[in-house]
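> What follows is protein.cif, mmCIF, C-alpha atoms.
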data_structure
loop_
_atom_site.label_atom_id
_atom_site.label_comp_id
_atom_site.auth_asym_id
_atom_site.auth_seq_id
_atom_site.Cartn_x
_atom_site.Cartn_y
_atom_site.Cartn_z
CA MET A 193 -2.20 -5.91 -0.05
CA SER A 194 -3.59 -3.04 2.02
CA ARG A 195 -5.77 -0.78 -0.13
CA PHE A 196 -6.91 2.80 0.46
CA ARG A 197 -9.26 5.05 -1.48
CA LEU A 198 -7.59 7.88 -3.41
CA TYR A 199 -9.33 11.24 -3.90
CA PRO A 200 -7.45 13.11 -6.66
CA THR A 201 -8.59 16.41 -8.09
CA SER A 202 -9.72 16.74 -11.70
CA GLN A 203 -6.24 17.85 -12.82
CA GLN A 204 -4.58 15.07 -10.83
CA ARG A 205 -7.01 12.53 -12.28
CA ALA A 206 -6.00 13.53 -15.80
CA ALA A 207 -2.30 13.30 -14.88
CA LEU A 208 -2.82 9.86 -13.33
CA LEU A 209 -4.51 8.61 -16.49
CA VAL A 210 -1.51 9.81 -18.50
CA GLN A 211 0.83 7.83 -16.26
CA CYS A 212 -1.40 4.76 -16.62
CA GLY A 213 -1.29 5.15 -20.40
CA HIS A 214 2.51 5.31 -20.40
CA ALA A 215 2.82 2.19 -18.24
CA ARG A 216 0.35 0.34 -20.43
CA TYR A 217 2.15 1.46 -23.63
CA VAL A 218 5.54 0.27 -22.37
CA TRP A 219 4.08 -3.05 -21.20
CA ASN A 220 2.43 -3.73 -24.57
CA LEU A 221 5.64 -2.87 -26.46
CA ALA A 222 7.60 -5.32 -24.31
CA LEU A 223 4.91 -7.97 -24.85
CA GLU A 224 5.04 -7.39 -28.61
CA GLN A 225 8.80 -7.94 -28.66
CA TRP A 226 8.41 -11.12 -26.60
CA THR A 227 5.62 -12.61 -28.76
CA MET A 228 7.47 -11.91 -32.05
CA TRP A 229 10.27 -14.31 -31.11
CA SER A 230 10.66 -17.45 -33.23
CA ARG A 231 13.25 -20.21 -33.49
CA ASP A 232 14.96 -18.64 -36.50
CA ARG A 233 15.42 -15.28 -34.75
CA LYS A 234 17.61 -14.01 -31.97
CA PRO A 235 16.30 -14.13 -28.38
CA SER A 236 13.92 -11.34 -27.47
CA PRO A 237 15.53 -8.49 -25.50
CA GLY A 238 15.52 -8.70 -21.73
CA TYR A 239 14.97 -6.00 -19.16
CA VAL A 240 18.43 -4.41 -19.51
CA GLU A 241 18.15 -4.07 -23.29
CA GLN A 242 14.54 -2.84 -23.06
CA ALA A 243 15.55 -0.23 -20.49
CA ARG A 244 18.21 1.03 -22.88
CA GLN A 245 15.65 1.18 -25.68
CA LEU A 246 13.29 3.08 -23.37
CA THR A 247 15.99 5.69 -22.73
CA GLU A 248 16.47 6.19 -26.46
CA ALA A 249 12.71 6.45 -27.00
CA ARG A 250 12.41 9.10 -24.27
CA THR A 251 15.01 11.25 -26.02
CA THR A 252 13.08 10.96 -29.30
CA PHE A 253 9.44 11.38 -28.23
CA ASP A 254 8.49 14.40 -26.13
CA TRP A 255 5.18 12.89 -24.94
CA LEU A 256 7.04 9.88 -23.50
CA ARG A 257 9.71 12.08 -21.91
CA ALA A 258 6.98 14.12 -20.20
CA GLY A 259 6.02 11.05 -18.18
CA SER A 260 7.76 9.54 -15.19
CA GLN A 261 10.76 7.39 -15.97
CA THR A 262 10.20 5.52 -12.70
CA VAL A 263 6.72 4.43 -13.80
CA GLN A 264 7.89 3.34 -17.25
CA GLN A 265 10.90 1.39 -16.02
CA GLN A 266 8.80 -0.30 -13.36
CA ALA A 267 6.41 -1.47 -16.08
CA LEU A 268 9.37 -3.18 -17.76
CA ARG A 269 10.39 -4.79 -14.46
CA ASP A 270 6.85 -6.03 -13.90
CA PHE A 271 6.77 -7.54 -17.39
CA ASP A 272 10.13 -9.23 -16.86
CA GLN A 273 8.82 -10.75 -13.63
CA ALA A 274 5.63 -11.87 -15.40
CA VAL A 275 7.70 -13.69 -18.02
CA ARG A 276 9.78 -15.37 -15.32
CA ASN A 277 6.62 -16.50 -13.55
CA PHE A 278 5.27 -17.90 -16.82
CA TYR A 279 8.40 -19.95 -17.46
CA ALA A 280 8.33 -21.15 -13.85
CA ARG A 281 4.73 -22.36 -14.49
CA THR A 282 3.34 -20.46 -11.55
CA HIS A 283 1.34 -17.94 -13.59
CA ARG A 284 -0.29 -17.71 -16.98
CA GLN A 285 1.16 -16.06 -20.06
CA PRO A 286 1.28 -12.23 -19.95
CA THR A 287 -1.58 -10.63 -21.86
CA TRP A 288 -2.24 -7.28 -23.49
CA ARG A 289 -3.33 -4.39 -21.34
CA LYS A 290 -6.36 -2.42 -22.55
CA ALA A 291 -7.47 1.12 -21.86
CA GLY A 292 -10.38 1.31 -19.43
CA GLN A 293 -9.63 -2.16 -18.05
CA HIS A 294 -5.98 -2.05 -16.96
CA GLU A 295 -5.49 1.42 -15.54
CA GLY A 296 -2.65 1.48 -13.04
CA PHE A 297 1.07 1.73 -12.36
CA ARG A 298 3.48 0.79 -9.59
CA ILE A 299 6.00 2.81 -7.59
CA VAL A 300 8.92 1.04 -5.90
CA GLY A 301 11.85 2.34 -3.91
CA ALA A 302 12.45 5.54 -2.01
CA GLN A 303 9.60 7.34 -3.78
CA ALA A 304 7.12 4.86 -2.28
CA THR A 305 7.88 6.19 1.23
CA ARG A 306 6.90 9.80 0.52
CA ILE A 307 3.72 9.77 2.58
CA GLU A 308 2.51 12.39 5.02
CA LYS A 309 -0.29 12.09 7.55
CA LEU A 310 -2.62 15.09 7.54
CA SER A 311 -5.13 14.14 10.22
CA ARG A 312 -6.69 11.15 11.90
CA LYS A 313 -8.62 10.20 8.76
CA TRP A 314 -6.58 11.66 5.91
CA SER A 315 -3.07 11.32 4.47
CA ARG A 316 -1.37 12.22 1.23
CA VAL A 317 1.13 10.54 -1.05
CA LEU A 318 3.60 12.14 -3.47
CA VAL A 319 3.05 10.54 -6.90
CA PRO A 320 5.78 11.26 -9.50
CA LYS A 321 4.75 13.86 -12.11
CA VAL A 322 1.37 14.25 -10.35
CA GLY A 323 2.05 15.78 -6.95
CA TRP A 324 0.50 15.26 -3.53
CA VAL A 325 -2.70 13.22 -3.71
CA ARG A 326 -4.97 12.71 -0.72
CA PHE A 327 -6.26 9.31 0.39
CA ARG A 328 -8.57 8.12 3.15
CA LEU A 329 -7.05 6.41 6.20
CA SER A 330 -9.45 3.49 6.64
CA ARG A 331 -6.81 1.52 8.60
CA GLY A 332 -3.28 1.90 9.86
CA LEU A 333 -0.55 2.61 7.34
CA PRO A 334 1.57 -0.49 6.67
CA ASP A 335 5.34 -0.56 6.47
CA ALA A 336 5.67 -1.15 2.73
CA ARG A 337 8.32 -0.30 0.14
CA SER A 338 6.03 -0.21 -2.87
CA TYR A 339 2.51 0.77 -3.77
CA ARG A 340 0.26 0.57 -6.80
CA VAL A 341 -2.17 3.21 -8.04
CA THR A 342 -5.20 1.76 -9.84
CA CYS A 343 -8.50 2.93 -11.30
CA ASP A 344 -11.45 0.55 -11.58
CA ARG A 345 -14.16 0.61 -14.22
CA ALA A 346 -16.39 2.70 -11.99
CA GLY A 347 -13.82 5.51 -12.00
CA ARG A 348 -12.62 5.03 -8.41
CA TRP A 349 -8.93 5.46 -7.64
CA HIS A 350 -7.16 3.28 -5.07
CA LEU A 351 -3.73 3.15 -3.47
CA ALA A 352 -2.58 -0.39 -2.64
CA PHE A 353 0.50 -1.18 -0.54
CA ALA A 354 2.24 -4.53 -1.06
CA VAL A 355 2.44 -6.13 2.39
CA VAL A 356 2.28 -9.71 3.62
CA PRO A 357 -0.65 -9.97 6.07
CA GLU A 358 -0.22 -11.70 9.38
CA VAL A 359 -1.69 -15.18 9.77
CA ILE A 360 -4.65 -15.49 12.14
CA PRO A 361 -3.66 -17.81 15.03
CA ALA A 362 -5.66 -20.96 15.66
CA PRO A 363 -8.06 -20.83 18.64
CA GLY A 364 -6.69 -24.11 20.05
CA THR A 365 -10.11 -25.74 20.55
CA SER A 366 -9.41 -28.65 18.14
CA GLY A 367 -12.54 -27.67 16.26
CA VAL A 368 -13.07 -28.95 12.72
CA VAL A 369 -15.56 -27.45 10.28
CA GLY A 370 -16.62 -28.45 6.80
CA VAL A 371 -17.63 -25.88 4.20
CA ASP A 372 -19.87 -26.85 1.29
CA ARG A 373 -20.08 -24.22 -1.43
CA GLY A 374 -23.17 -23.88 -3.56
CA VAL A 375 -25.21 -21.57 -5.76
CA ALA A 376 -28.50 -21.35 -3.84
CA VAL A 377 -26.58 -21.31 -0.53
CA SER A 378 -23.17 -19.69 -0.82
CA ALA A 379 -21.57 -21.65 2.04
CA ALA A 380 -23.09 -24.29 4.29
CA LEU A 381 -21.16 -25.19 7.45
CA SER A 382 -21.13 -28.54 9.18
CA THR A 383 -22.38 -26.74 12.30
CA GLY A 384 -25.70 -26.13 10.56
CA GLU A 385 -25.18 -22.51 9.51
CA LEU A 386 -26.24 -21.40 6.04
CA LEU A 387 -24.34 -18.36 4.73
CA SER A 388 -25.43 -16.31 1.72
CA CYS A 389 -23.25 -13.93 -0.21
CA PRO A 390 -25.05 -10.59 -0.75
CA GLY A 391 -25.49 -9.38 -4.29
CA LEU A 392 -27.59 -6.86 -6.12
CA SER A 393 -31.07 -6.22 -4.80
CA VAL A 394 -34.19 -6.79 -6.89
CA THR A 395 -34.40 -3.09 -7.72
CA GLU A 396 -30.75 -3.01 -8.74
CA GLN A 397 -31.18 -6.10 -10.92
CA VAL A 398 -34.10 -4.45 -12.72
CA ARG A 399 -32.04 -1.33 -13.24
CA LEU A 400 -29.11 -3.38 -14.55
CA LYS A 401 -31.33 -5.14 -17.07
CA ARG A 402 -32.78 -1.81 -18.21
CA LEU A 403 -29.29 -0.35 -18.63
CA GLN A 404 -28.11 -3.37 -20.61
CA ARG A 405 -31.05 -3.01 -22.98
CA SER A 406 -30.30 0.67 -23.35
CA LEU A 407 -26.64 -0.13 -24.08
CA ALA A 408 -27.68 -2.40 -26.96
CA ARG A 409 -29.50 0.54 -28.59
CA CYS A 410 -26.68 3.07 -28.16
CA ARG A 411 -24.51 4.09 -31.07
CA HIS A 412 -20.91 2.94 -30.82
CA GLY A 413 -18.58 5.74 -29.78
CA SER A 414 -21.36 8.05 -28.60
CA SER A 415 -21.34 9.94 -25.31
CA ARG A 416 -24.58 8.28 -24.27
CA ARG A 417 -22.98 4.87 -24.66
CA GLN A 418 -20.13 5.92 -22.38
CA ARG A 419 -22.57 7.12 -19.72
CA VAL A 420 -24.55 3.88 -19.85
CA LYS A 421 -21.38 1.80 -19.65
CA ALA A 422 -20.26 3.80 -16.60
CA ALA A 423 -23.63 3.21 -14.90
CA ILE A 424 -23.40 -0.54 -15.57
CA ALA A 425 -19.85 -0.60 -14.25
CA ARG A 426 -20.96 1.09 -11.02
CA LEU A 427 -23.59 -1.60 -10.42
CA HIS A 428 -21.10 -4.41 -11.07
CA THR A 429 -18.60 -2.70 -8.78
CA ARG A 430 -21.21 -2.48 -6.04
CA ALA A 431 -21.88 -6.22 -6.30
CA ARG A 432 -18.16 -7.01 -6.29
CA ASP A 433 -17.56 -4.86 -3.21
CA ARG A 434 -20.34 -6.63 -1.33
CA ARG A 435 -18.98 -10.03 -2.32
CA THR A 436 -15.45 -9.10 -1.27
CA ASP A 437 -16.69 -7.76 2.06
CA TRP A 438 -18.63 -10.98 2.71
CA VAL A 439 -15.64 -13.16 1.79
CA GLU A 440 -13.31 -11.22 4.09
CA LYS A 441 -15.66 -11.33 7.06
CA THR A 442 -16.57 -15.01 6.57
CA SER A 443 -12.97 -16.17 6.13
CA THR A 444 -11.84 -14.19 9.18
CA GLU A 445 -14.63 -15.66 11.34
CA LEU A 446 -13.84 -19.23 10.24
CA ALA A 447 -10.10 -18.77 10.80
CA ARG A 448 -10.71 -17.45 14.31
CA SER A 449 -13.26 -20.09 15.32
CA PHE A 450 -11.82 -23.42 14.07
CA ASP A 451 -8.45 -25.12 14.05
CA VAL A 452 -9.04 -27.14 10.86
CA ILE A 453 -11.16 -25.99 7.92
CA ARG A 454 -12.03 -28.56 5.27
CA VAL A 455 -13.38 -27.60 1.85
CA GLU A 456 -14.08 -29.40 -1.39
CA ASP A 457 -11.21 -29.62 -3.83
CA LEU A 458 -13.02 -27.96 -6.73
CA ARG A 459 -11.36 -26.72 -9.92
CA VAL A 460 -13.30 -23.49 -10.25
CA PRO A 461 -11.49 -22.15 -13.38
CA GLN A 462 -12.28 -25.37 -15.25
CA MET A 463 -15.87 -25.39 -14.00
CA VAL A 464 -16.65 -21.93 -15.39
CA ARG A 465 -15.16 -22.54 -18.82
CA ARG A 466 -17.36 -22.23 -21.88
CA PRO A 467 -18.49 -25.64 -23.22
CA LYS A 468 -16.88 -26.82 -26.43
CA PRO A 469 -18.94 -26.56 -29.64
CA ARG A 470 -20.52 -29.71 -31.00
CA PRO A 471 -20.19 -29.96 -34.81
CA ASP A 472 -23.18 -31.37 -36.64
CA PRO A 473 -22.03 -34.46 -38.60
CA ALA A 474 -25.01 -34.18 -40.95
CA ARG A 475 -24.40 -30.58 -41.98
CA ARG A 476 -20.94 -29.21 -42.54
CA GLY A 477 -20.33 -25.86 -40.85
CA SER A 478 -23.30 -26.27 -38.50
CA TYR A 479 -23.27 -27.05 -34.80
CA LEU A 480 -25.56 -28.91 -32.44
CA PRO A 481 -26.95 -27.30 -29.24
CA ASN A 482 -24.44 -27.59 -26.37
CA ARG A 483 -26.50 -25.88 -23.64
CA ARG A 484 -24.08 -22.98 -23.50
CA ARG A 485 -26.69 -20.49 -22.27
CA ALA A 486 -27.88 -22.84 -19.52
CA LYS A 487 -24.31 -23.42 -18.38
CA ALA A 488 -23.67 -19.68 -18.47
CA GLY A 489 -26.26 -19.24 -15.71
CA LEU A 490 -24.37 -21.76 -13.57
CA HIS A 491 -21.12 -19.94 -14.29
CA GLN A 492 -22.62 -16.65 -13.12
CA GLY A 493 -23.88 -18.30 -9.93
CA ILE A 494 -20.47 -19.78 -9.15
CA LEU A 495 -18.66 -16.48 -9.70
CA ALA A 496 -21.30 -14.44 -7.85
CA ASN A 497 -20.89 -16.61 -4.73
CA GLY A 498 -17.09 -16.27 -4.65
CA TRP A 499 -16.17 -19.96 -4.56
CA GLY A 500 -12.51 -19.52 -5.41
CA GLN A 501 -12.11 -16.22 -3.57
CA LEU A 502 -13.37 -17.70 -0.29
CA VAL A 503 -10.92 -20.61 -0.31
CA ALA A 504 -8.04 -18.36 -1.37
CA ARG A 505 -8.62 -16.00 1.55
CA LEU A 506 -8.99 -18.94 3.94
CA GLU A 507 -5.61 -20.29 2.84
CA ASP A 508 -4.07 -16.85 3.36
CA LYS A 509 -5.50 -16.26 6.83
CA ALA A 510 -5.50 -19.85 8.18
CA ARG A 511 -2.25 -20.97 6.63
CA GLU A 512 -1.60 -24.74 6.75
CA ARG A 513 -4.97 -25.24 8.45
CA VAL A 514 -7.12 -25.57 5.32
CA GLU A 515 -7.55 -29.10 3.97
CA ARG A 516 -9.04 -29.98 0.60
CA VAL A 517 -11.34 -33.02 0.42
CA THR A 518 -12.31 -34.95 -2.70
CA PRO A 519 -15.82 -33.75 -3.57
CA ALA A 520 -16.99 -37.07 -5.04
CA TYR A 521 -20.44 -38.10 -3.74
CA THR A 522 -20.34 -35.86 -0.66
CA SER A 523 -23.84 -34.58 -1.46
CA LEU A 524 -25.28 -38.09 -2.01
CA THR A 525 -23.80 -39.82 1.05
CA CYS A 526 -25.68 -40.00 4.33
CA SER A 527 -23.67 -38.45 7.15
CA VAL A 528 -25.21 -40.90 9.69
CA CYS A 529 -25.06 -44.37 8.13
CA GLY A 530 -22.86 -43.74 5.10
CA HIS A 531 -25.37 -44.97 2.50
CA CYS A 532 -24.64 -43.47 -0.93
CA ALA A 533 -27.41 -43.35 -3.53
CA SER A 534 -28.64 -40.87 -6.09
CA GLY A 535 -32.13 -41.05 -4.59
CA ASN A 536 -30.97 -39.76 -1.22
CA ARG A 537 -31.13 -36.19 -2.41
CA GLU A 538 -34.74 -35.38 -3.17
CA ASN A 539 -34.07 -31.88 -4.50
CA GLN A 540 -31.64 -29.02 -4.11
CA ALA A 541 -32.36 -28.41 -0.40
CA SER A 542 -33.77 -31.70 0.95
CA PHE A 543 -31.82 -34.84 1.87
CA ARG A 544 -33.49 -38.07 2.97
CA CYS A 545 -31.47 -41.26 3.35
CA LEU A 546 -33.16 -44.28 1.77
CA ALA A 547 -31.46 -46.63 4.24
CA CYS A 548 -31.92 -45.02 7.65
CA GLY A 549 -34.45 -42.27 6.94
CA TYR A 550 -32.16 -39.47 8.13
CA ARG A 551 -33.42 -36.03 7.06
CA ALA A 552 -31.39 -32.83 6.88
CA HIS A 553 -30.58 -29.90 4.66
CA ALA A 554 -28.69 -31.27 1.66
CA ASP A 555 -25.87 -28.73 1.88
CA VAL A 556 -25.45 -29.22 5.63
CA ASN A 557 -25.30 -32.99 5.17
CA ALA A 558 -22.60 -32.52 2.52
CA ALA A 559 -20.69 -30.16 4.83
CA ILE A 560 -20.72 -32.81 7.59
CA ASN A 561 -19.22 -35.34 5.17
CA ILE A 562 -16.58 -32.80 4.17
CA ALA A 563 -15.74 -32.10 7.82
CA ALA A 564 -15.31 -35.85 8.43
CA GLY A 565 -13.08 -36.15 5.37
CA ARG A 566 -15.15 -38.97 3.90
CA VAL A 567 -14.46 -40.07 0.36
CA VAL A 568 -16.80 -42.40 -1.53
CA SER A 569 -15.25 -44.13 -4.52
CA ALA A 570 -18.27 -46.24 -5.48
CA ARG A 571 -19.72 -45.69 -8.93
CA GLN A 572 -23.12 -47.12 -7.99
CA GLU A 573 -25.45 -47.29 -5.05
CA THR A 574 -23.97 -48.77 -1.88
CA PRO A 575 -25.81 -51.70 -0.33
CA VAL A 576 -27.92 -51.12 2.75
CA ARG A 577 -25.74 -51.96 5.76
CA VAL A 578 -28.57 -52.82 8.15
CA SER A 579 -31.84 -54.64 7.94
CA SER A 580 -34.86 -52.65 6.88
CA LYS A 581 -36.67 -53.78 10.08
CA ARG A 582 -33.87 -52.70 12.41
CA GLU A 583 -33.52 -49.24 13.95
CA PRO A 584 -30.91 -47.04 12.28
CA GLN A 585 -27.43 -47.46 13.77
CA ARG A 586 -24.51 -45.09 13.40
CA ALA A 587 -21.76 -46.51 11.24
CA THR A 588 -18.10 -46.24 12.20
CA PHE A 589 -15.79 -44.44 9.75
CA ARG A 590 -12.03 -44.53 9.86
#
Would you give me this structure, written as structure tokens?


Amino acid sequence: MSRFRLYPTSQQRAALLVQCGHARYVWNLALEQWTMWSRDRKPSPGYVEQARQLTEARTTFDWLRAGSQTVQQQALRDFDQAVRNFYARTHRQPTWRKAGQHEGFRIVGAQATRIEKLSRKWSRVLVPKVGWVRFRLSRGLPDARSYRVTCDRAGRWHLAFAVVPEVIPAPGTSGVVGVDRGVAVSAALSTGELLSCPGLSVTEQVRLKRLQRSLARCRHGSSRRQRVKAAIARLHTRARDRRTDWVEKTSTELARSFDVIRVEDLRVPQMVRRPKPRPDPARRGSYLPNRRRAKAGLHQGILANGWGQLVARLEDKARERVERVTPAYTSLTCSVCGHCASGNRENQASFRCLACGYRAHADVNAAINIAAGRVVSARQETPVRVSSKREPQRATFR
């Protein structure tokens, strides 16, 4: 998508929130009908039947009739498509939309083309039941037939056009690069570069911790609690914007510089799942420690470094040029002689081969193995291939 920043007035902001509430209300009603289905009941109504029910509801309720019928019907179409994607096993099950978290609606058709350019940096779009809303021209306007208006938790409004981006062409240099993703180092390249994803500064982290402590002391439903939550959301939004900017720039640079990009085939959603509880066999109803808090720190590091987002953008920009490599033992294998042992990696940053004495940064050594596409299937230390008195020789990999 191609996203622009919206700048509505106070009256337009209130009208946009009303439209978001209508779209969310219609979506949740359709989801309720779908989840109430059982084997002893008739099939849940589809889009055509739900559209007819929406027309009857608009004639009954004035507050629903005051909204845009285009927005409400499009919410039903989006839900119908979400159900189809779920049955096709390409997406997860549709979930409930909550106020403050899912604020947005979509416009499709002829109304999506009502856009006027005001100047070199500003344009305006005609939103149904809202009027002309200005937005910033940060790039060229795409040729799209639909757009989506959203509001994030920090209170910023955006206008996103649904377009398919063009694929970045390969440079034609036959270059291959391996990318090793980590927590201390966001991305290590086989060329020796160490890339770090920017996050919150030390001052911002201190402020975030102070705000979180203040939030714990606020009374639920108070105005002070809302202000503190908005301040916390602004800090999280700032960190997310920096991470997204770093991912976009890094993925674009890699797609332009190399013909083949190899990454580890990591299952990030499964890696950041909460560990299962461990029941205590001695005491019924009690549980043993499962290191959930320690694993939560690892989860935060993985998400803060954009592991999944980086690979997703690489596959979008360098289509059919991204290869996934089995990550088994890539950080314990020497990139020179191929010796695999748990003692090769001294700590998080240092790698020293016990067979040939090769020293390098641990993440760079792993990135070289990923670039070569090496897979080690051994479950124990590999034997030393050369004599301990002989000079290290480079092994041949096929």

> Taking the file above as input, evaluate the PyMOL selection byres ((chain A and resi 339) around 6) and report the hits as a list in words.

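Answer for the PyMOL selection byres ((chain A and resi 339) around 6): Arg298, Ile299, Ser338, Arg340, Ala352, Phe353 and Ala354 of chain A.
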
> Those same residues, written as a short mmCIF file (atom, residue, chain, number, x, y, z; two decimals), in the frame of the given file with C-alpha atoms?


data_model
loop_
_atom_site.label_atom_id
_atom_site.label_comp_id
_atom_site.auth_asym_id
_atom_site.auth_seq_id
_atom_site.Cartn_x
_atom_site.Cartn_y
_atom_site.Cartn_z
CA ARG A 298 3.48 0.79 -9.59
CA ILE A 299 6.00 2.81 -7.59
CA SER A 338 6.03 -0.21 -2.87
CA ARG A 340 0.26 0.57 -6.80
CA ALA A 352 -2.58 -0.39 -2.64
CA PHE A 353 0.50 -1.18 -0.54
CA ALA A 354 2.24 -4.53 -1.06
#

> Can you tell me how far CA of Gln273 (chain A) sits from CA of Trp219 (chain A), in Å to one decimal?

11.8 Å

> Using the chain letters and numbers from the file, which residues does the PyMOL selection byres ((chain A and resi 331) around 9) grab, as a VMD selection string?

chain A and resid 194 196 313 328 to 330 332 to 334

> For each of A:Ala215, A:Cys343, A:Val375, A:Leu223, take the minimum atom-to-atom distance to Gly493 (chain A), counting all atoms listed in the file, then give the residue where this is smallest.

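Checking each of A:Ala215, A:Cys343, A:Val375, A:Leu223 against Gly493 (chain A), counting all atoms listed in the file, the winner is A:Val375.
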
> Set the distance at 9 Å and use all atoms listed in the file: which residues neighbour Leu524 (chain A) once local chain neighbours fewer than 4 positions away are removed? I'd like the list as a list of chain:residue names.

A:Ala520, A:His531, A:Cys532, A:Ala533, A:Ser534, A:Gly535, A:Asn536, A:Arg537, A:Phe543, A:Cys545, A:Ala554, A:Asn557, A:Ala558

> For the structure shown, which residues end up in the PyMOL selection byres ((chain A and resi 422) around 12)? Put them as a list of chain:residue names, please?

A:Gly292, A:Asp344, A:Arg345, A:Ala346, A:Gly347, A:Arg348, A:Leu400, A:Leu403, A:Gln404, A:Leu407, A:Ser415, A:Arg416, A:Arg417, A:Gln418, A:Arg419, A:Val420, A:Lys421, A:Ala423, A:Ile424, A:Ala425, A:Arg426, A:Leu427, A:His428, A:Thr429

> Return the single residue from A:Pro461, A:Gly565, A:Pro363, A:Gly500 that is closest to Thr436 (chain A), with distances computed using all atoms listed in the file.

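Counting all atoms listed in the file, the residue closest to Thr436 (chain A) is A:Gly500.
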
> Could you tell me how far CA of Ser393 (chain A) lies from CA of Arg405 (chain A), in Å and to one decimal?

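Computing the Euclidean distance for CA of Ser393 (chain A) and CA of Arg405 (chain A) yields 18.5 Å.
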
> Calculated over all atoms listed in the file, which of the candidates A:His412, A:Trp324, A:Asn220, A:Arg505 has the smallest distance to Trp438 (chain A)?

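Among A:His412, A:Trp324, A:Asn220, A:Arg505, it is A:Arg505 that comes nearest to Trp438 (chain A).
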
> Mind listing as a list in words all residues within 7 Å of (-9.9, 4.3, -1.5), counting only C-alpha atoms?

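Checked against the point, the hits come out as Arg195, Phe196, Arg197, Leu198, Phe327, Arg328, Trp349, His350 and Leu351 of chain A.
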
> One decimal, Å: what's the distance from CA of Ile560 (chain A) over to CA of Ala379 (chain A), could you say?

12.5 Å

> A:Tyr239, A:Phe297, A:Trp288, A:Trp314: which is nearest Arg269 (chain A), counting all atoms listed in the file?

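The answer is A:Tyr239, which sits nearest to Arg269 (chain A).
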
> Compare A:Glu308, A:Glu396, A:Asp433, A:Asp457 by their minimum atom-to-atom distance to Ala496 (chain A), counting only C-alpha atoms, and give me the closest one.

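Smallest distance to Ala496 (chain A) is found for A:Asp433.
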